[in-house]
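Visitor: Let me give you the structure first, and then I'll get to my questions.
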Amino acid sequence: MILLRTLSEVRERRESLWKNQKRLGFVPTMGALHEGHLELVRQAKKTSDEVWVSIFVNPLQFGPNEDLERYPRTFEKDCELLKSAGADAVFFPSPAEMTPPSATTFIEENTVSVPLCGALRPGHFKGVTTIVGKLFNLIQPHSAFFGEKDAQQVRVIERMVKDLLFPVEIKRVPTFRENDGLAMSSRNRYLSPDEREMAPELHTVLLKLETLWKTRPQITAQELETHGVQFLSHEPWKLQYLEVRDSESLERIEGPIQKEALIAVAAYLGNTRLIDNWVLKTS
Ligand code: AMP
């Protein structure tokens, strides 16, 4: 596995791949890697001659009171994991090159990015699309792999790619979970042992809502939301949102669920913000 540190190193390597007509698969990450990230690498390997992974804690996607400073950074361990998963290159750029203060151009999606996390984290998705767009322009991968764990994020990226004609294929990879159902996340390491024990409840609630919907298919999206909110209205959870929305457009659903729907949830456990989601399949 090779380490790419600068934009020019990336361009040089990219040129040689182009010349040799190699298919490049790309996995953007913020590091502090776990099996969920490695699953993206494994999926990418299936359809790519080379898989590149970027590790960049993107300052543009953190709000002023968020965890940018304390976000876990475990570069050496990340490289070991990526090597064992079969990644061919890791791109570890400097903030000076990726986000120079002189840059005044941004990419902003204005529909799919508005509700859910977009409503609670102003500027977050603008930071994501700007960096992912830059990485796509620099690396020019044939395909790029994103986790369903961040369901809204992958939908925002897909919209950006469609609207701005980025020549890259976006692949969604299902959420990778711990044995007890907790969605793997770099932030899980913030959880105290007690919080870690409680954390799978987020997933359990999503499954309970699916069961409820299957037994009462005429239940409205609003009623399902009300049940979900009740399930998580107890200490120590601090619910941010639990919403049932159209799985693709993320628009609100009026009445019963007729088309595939996404239940998306975000909640604090202590100081740790967790998100999860579940798709209700209609056919
Ligand atoms: P992050 O490093 O958290 O920005 O995540 C980088 C990529 O890994 C994103 O596309 C995430 O959706 C994906 N990812 C993170 N956790 C998981 C997981 N548990 N299962 C699948 N993909 C994941």
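Letters for chains follow the order of the structure tokens (A, B, ...), residue numbers begin at 1 for each chain, and ligand numbers begin at 1 in the order shown.
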What are the closest atom pairs, with distances in Å to one decimal, for each residue of chain A lying within 8 Å of ligand 1, using only C-alpha atoms and all ligand atoms, rows by chain and rising residue number, as a tab-separated table?
Guide:
```
residue	atom	partner	partner_atom_place_in_ligand_line	distance
A:Val27	CA	ligand 1	7 (C)	6.9
A:Pro28	CA	ligand 1	6 (C)	5.7
A:Thr29	CA	ligand 1	6 (C)	3.7
A:Met30	CA	ligand 1	2 (O)	3.8
A:Gly31	CA	ligand 1	2 (O)	5.2
A:Ala32	CA	ligand 1	2 (O)	6.9
A:Leu33	CA	ligand 1	2 (O)	6.8
A:His34	CA	ligand 1	16 (N)	7.5
A:Glu35	CA	ligand 1	19 (N)	7.2
A:Gly36	CA	ligand 1	18 (C)	3.8
A:His37	CA	ligand 1	8 (O)	4.7
A:Glu39	CA	ligand 1	21 (C)	6.7
A:Leu40	CA	ligand 1	22 (N)	6.4
A:Ile55	CA	ligand 1	2 (O)	7.7
A:Val57	CA	ligand 1	4 (O)	8.0
A:Phe145	CA	ligand 1	10 (O)	6.4
A:Phe146	CA	ligand 1	10 (O)	3.3
A:Gly147	CA	ligand 1	12 (O)	3.3
A:Glu148	CA	ligand 1	12 (O)	5.6
A:Lys149	CA	ligand 1	12 (O)	5.0
A:Asp150	CA	ligand 1	12 (O)	4.4
A:Ala151	CA	ligand 1	12 (O)	7.2
A:Gln153	CA	ligand 1	12 (O)	7.3
A:Val154	CA	ligand 1	10 (O)	7.0
A:Val173	CA	ligand 1	21 (C)	6.0
A:Pro174	CA	ligand 1	21 (C)	5.6
A:Thr175	CA	ligand 1	20 (N)	3.5
A:Phe176	CA	ligand 1	20 (N)	3.7
A:Arg177	CA	ligand 1	19 (N)	5.6
A:Ala183	CA	ligand 1	19 (N)	4.8
A:Met184	CA	ligand 1	19 (N)	3.7
A:Ser185	CA	ligand 1	16 (N)	4.8
A:Ser186	CA	ligand 1	3 (O)	6.0
```
Visitor: Quick one: residues within 8 Å of range 62-75 of chain A, only C-alpha atoms counted, chain neighbours fewer than 2 positions away excluded, as a list in words?
Guide: Gly31, Ala32, Leu33, Val57, Asn58, Pro59, Leu60, Lys77, Asp78, Cys79, Arg121, Pro122, Gly123, His124, Gly127, Ser186 and Arg187 of chain A
Visitor: What's the 9 Å shell around Thr282 in chain A, counting only C-alpha atoms, without same-chain residues fewer than 4 positions away, as a list in words?
Guide: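 In the requested form, the answer reads Ile257, Gln258, Lys259, Glu260 and Ala261 of chain A.
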Visitor: Using only C-alpha atoms, which protein or nucleic acid residues come within 10 Å of Phe166 in chain A? Drop anything in the same chain fewer than 5 positions from it, and give the result as a list in words.
Guide: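 Surrounding residues, per the criterion: Gly133, Phe136, Asn137, Gln140, Glu158, Met160 and Val161 of chain A.
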Visitor: Just list the residues in range 41-273 of chain A DSSP gives helix (DSSP H, G or I) on the backbone, as a PyMOL selection string.
Guide: chain A and resi 41-47+59-61+75-85+95-98+117-120+124-139+148-164+186-190+193-198+201-215+221-231
Visitor: Could you pull the residues within 9 Å of Leu239 in chain A, counting only C-alpha atoms, minus those fewer than 3 positions along the same chain, as a compact mmCIF listing (two decimals) with N, CA, C and O atoms, in the first residue's frame?
Guide:
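That gives us selection_18.txt:
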```txt
# COMPACT_ATOMS: atom_id res chain seq x y z
N VAL A 229 -40.54 8.36 18.95
CA VAL A 229 -40.14 9.41 19.90
C VAL A 229 -40.41 8.94 21.33
O VAL A 229 -39.58 9.10 22.23
N LEU A 232 -37.87 6.50 22.74
CA LEU A 232 -36.56 7.06 23.12
C LEU A 232 -36.68 8.25 24.09
O LEU A 232 -35.70 8.98 24.30
N SER A 233 -37.89 8.40 24.68
CA SER A 233 -38.07 9.53 25.62
C SER A 233 -37.74 9.10 27.04
O SER A 233 -38.59 9.16 27.91
N LEU A 242 -36.41 11.86 15.20
CA LEU A 242 -36.74 10.53 14.66
C LEU A 242 -37.82 10.79 13.63
O LEU A 242 -38.92 11.23 13.97
N VAL A 265 -32.79 8.46 12.59
CA VAL A 265 -32.77 8.88 13.98
C VAL A 265 -31.40 9.43 14.35
O VAL A 265 -30.38 8.95 13.86
N ALA A 266 -31.42 10.48 15.18
CA ALA A 266 -30.18 11.02 15.75
C ALA A 266 -30.44 11.30 17.22
O ALA A 266 -31.48 11.87 17.57
N ALA A 267 -29.52 10.87 18.08
CA ALA A 267 -29.72 11.09 19.51
C ALA A 267 -28.37 11.16 20.21
O ALA A 267 -27.40 10.55 19.76
N TYR A 268 -28.35 11.92 21.29
CA TYR A 268 -27.16 11.98 22.14
C TYR A 268 -27.26 10.94 23.24
O TYR A 268 -28.33 10.76 23.85
N LEU A 269 -26.15 10.28 23.48
CA LEU A 269 -26.00 9.42 24.65
C LEU A 269 -24.82 10.05 25.40
O LEU A 269 -23.68 9.97 24.92
```
Visitor: When you look at Ala89 in chain A with a cut-off of 10 Å (counting only C-alpha atoms), what residues show up, excluding the ones that are within fewer than 3 positions of it in the same chain? I need them as a PDB file with N, CA and C atoms, in the first residue's frame.
Guide:
```pdb
ATOM      1  N   MET A   1       0.856  -1.205   0.000  1.00  0.00           N
ATOM      2  CA  MET A   1       0.000   0.000   0.000  1.00  0.00           C
ATOM      3  C   MET A   1       0.884   1.244   0.000  1.00  0.00           C
ATOM      4  N   ILE A   2       0.555   2.181  -0.883  1.00  0.00           N
ATOM      5  CA  ILE A   2       1.388   3.381  -0.927  1.00  0.00           C
ATOM      6  C   ILE A   2       0.684   4.542  -0.219  1.00  0.00           C
ATOM      7  N   LEU A   3       1.511   5.448   0.284  1.00  0.00           N
ATOM      8  CA  LEU A   3       0.992   6.630   0.983  1.00  0.00           C
ATOM      9  C   LEU A   3       1.147   7.849   0.077  1.00  0.00           C
ATOM     10  N   LEU A   4       0.043   8.524  -0.162  1.00  0.00           N
ATOM     11  CA  LEU A   4       0.056   9.746  -0.969  1.00  0.00           C
ATOM     12  C   LEU A   4      -0.209  10.919  -0.035  1.00  0.00           C
ATOM     13  N   VAL A  10      -0.781  12.571  -5.915  1.00  0.00           N
ATOM     14  CA  VAL A  10      -2.029  11.941  -6.361  1.00  0.00           C
ATOM     15  C   VAL A  10      -2.145  12.052  -7.881  1.00  0.00           C
ATOM     16  N   ARG A  13       0.218   9.616  -9.765  1.00  0.00           N
ATOM     17  CA  ARG A  13      -0.227   8.212  -9.692  1.00  0.00           C
ATOM     18  C   ARG A  13      -1.501   8.010 -10.537  1.00  0.00           C
ATOM     19  N   PHE A  26     -12.816   4.430  -5.063  1.00  0.00           N
ATOM     20  CA  PHE A  26     -12.391   5.410  -4.051  1.00  0.00           C
ATOM     21  C   PHE A  26     -13.315   5.370  -2.831  1.00  0.00           C
ATOM     22  N   GLU A  50      -7.701  -0.817  -8.652  1.00  0.00           N
ATOM     23  CA  GLU A  50      -7.037  -0.245  -7.465  1.00  0.00           C
ATOM     24  C   GLU A  50      -8.086   0.412  -6.578  1.00  0.00           C
ATOM     25  N   VAL A  51      -7.873   0.322  -5.263  1.00  0.00           N
ATOM     26  CA  VAL A  51      -8.761   1.004  -4.313  1.00  0.00           C
ATOM     27  C   VAL A  51      -7.937   2.009  -3.524  1.00  0.00           C
ATOM     28  N   TRP A  52      -8.386   3.249  -3.569  1.00  0.00           N
ATOM     29  CA  TRP A  52      -7.736   4.307  -2.802  1.00  0.00           C
ATOM     30  C   TRP A  52      -8.681   4.766  -1.696  1.00  0.00           C
ATOM     31  N   VAL A  53      -8.084   5.038  -0.533  1.00  0.00           N
ATOM     32  CA  VAL A  53      -8.867   5.512   0.611  1.00  0.00           C
ATOM     33  C   VAL A  53      -8.294   6.856   1.028  1.00  0.00           C
ATOM     34  N   SER A  54      -9.145   7.847   1.200  1.00  0.00           N
ATOM     35  CA  SER A  54      -8.633   9.110   1.752  1.00  0.00           C
ATOM     36  C   SER A  54      -8.955   9.175   3.231  1.00  0.00           C
ATOM     37  N   CYS A  79      -3.722   2.682   8.864  1.00  0.00           N
ATOM     38  CA  CYS A  79      -2.921   2.164   7.745  1.00  0.00           C
ATOM     39  C   CYS A  79      -2.803   0.646   7.830  1.00  0.00           C
ATOM     40  N   LEU A  82      -6.100  -0.812   6.723  1.00  0.00           N
ATOM     41  CA  LEU A  82      -6.325  -0.653   5.275  1.00  0.00           C
ATOM     42  C   LEU A  82      -5.470  -1.632   4.472  1.00  0.00           C
ATOM     43  N   LYS A  83      -4.237  -1.827   4.948  1.00  0.00           N
ATOM     44  CA  LYS A  83      -3.343  -2.786   4.294  1.00  0.00           C
ATOM     45  C   LYS A  83      -3.962  -4.180   4.345  1.00  0.00           C
ATOM     46  N   GLY A  86      -6.667  -4.733   1.970  1.00  0.00           N
ATOM     47  CA  GLY A  86      -6.273  -4.778   0.562  1.00  0.00           C
ATOM     48  C   GLY A  86      -6.354  -3.449  -0.173  1.00  0.00           C
ATOM     49  N   PHE A  92      -3.537  10.974   2.434  1.00  0.00           N
ATOM     50  CA  PHE A  92      -3.603  11.622   3.748  1.00  0.00           C
ATOM     51  C   PHE A  92      -3.129  13.066   3.567  1.00  0.00           C
TER      52      PHE A  92
END
```
Visitor: Could you build a table of the residues in range 77-141 of chain A lying no more than 12 Å from range 243-246 of chain A, giving for each the nearest pair of atoms and their separation in Å rounded to one decimal place, using only C-alpha atoms, ordered by chain and ascending residue number, as a tab-separated table?
Guide:
```
residue	atom	partner	partner_atom	distance
A:Val112	CA	A:Asp246	CA	10.6
A:Pro115	CA	A:Glu243	CA	9.7
A:Leu116	CA	A:Glu243	CA	7.8
A:Cys117	CA	A:Glu243	CA	11.0
```
Visitor: Those same residues - N, CA, C and O atoms - I'd like them written as a PDB file, in the first residue's frame.
Guide:
```
ATOM      1  N   VAL A 112     -32.153  17.753  -0.636  1.00  0.00           N
ATOM      2  CA  VAL A 112     -31.978  16.533   0.173  1.00  0.00           C
ATOM      3  C   VAL A 112     -31.172  16.836   1.438  1.00  0.00           C
ATOM      4  O   VAL A 112     -31.306  16.160   2.456  1.00  0.00           O
ATOM      5  N   PRO A 115     -33.385  18.718   5.445  1.00  0.00           N
ATOM      6  CA  PRO A 115     -33.978  18.235   6.700  1.00  0.00           C
ATOM      7  C   PRO A 115     -32.974  17.454   7.562  1.00  0.00           C
ATOM      8  O   PRO A 115     -31.770  17.500   7.304  1.00  0.00           O
ATOM      9  N   LEU A 116     -33.460  16.786   8.583  1.00  0.00           N
ATOM     10  CA  LEU A 116     -32.705  15.828   9.414  1.00  0.00           C
ATOM     11  C   LEU A 116     -31.398  16.455   9.914  1.00  0.00           C
ATOM     12  O   LEU A 116     -31.410  17.513  10.541  1.00  0.00           O
ATOM     13  N   CYS A 117     -30.256  15.817   9.604  1.00  0.00           N
ATOM     14  CA  CYS A 117     -28.971  16.362  10.094  1.00  0.00           C
ATOM     15  C   CYS A 117     -28.710  17.751   9.527  1.00  0.00           C
ATOM     16  O   CYS A 117     -28.071  18.582  10.177  1.00  0.00           O
TER      17      CYS A 117
END
```
Visitor: Within 12 Å of Glu225 in chain A, counting only C-alpha atoms, which residues qualify if same-chain residues fewer than 5 places away don't, as a PyMOL selection string?
Guide: chain A and resi 205-206+208-210+212-213+219-220+230-232+241-245+252-256+262-265
Visitor: In Å, how far is it from CA of Ser16 in chain A to CA of Ala144 in chain A?
Guide: 19.2 Å
Visitor: From the DSSP assignment of the backbone, select every residue of range 76-152 of chain A that is strand (DSSP E or B), and format the answer as a count of residues only.
Guide: 8
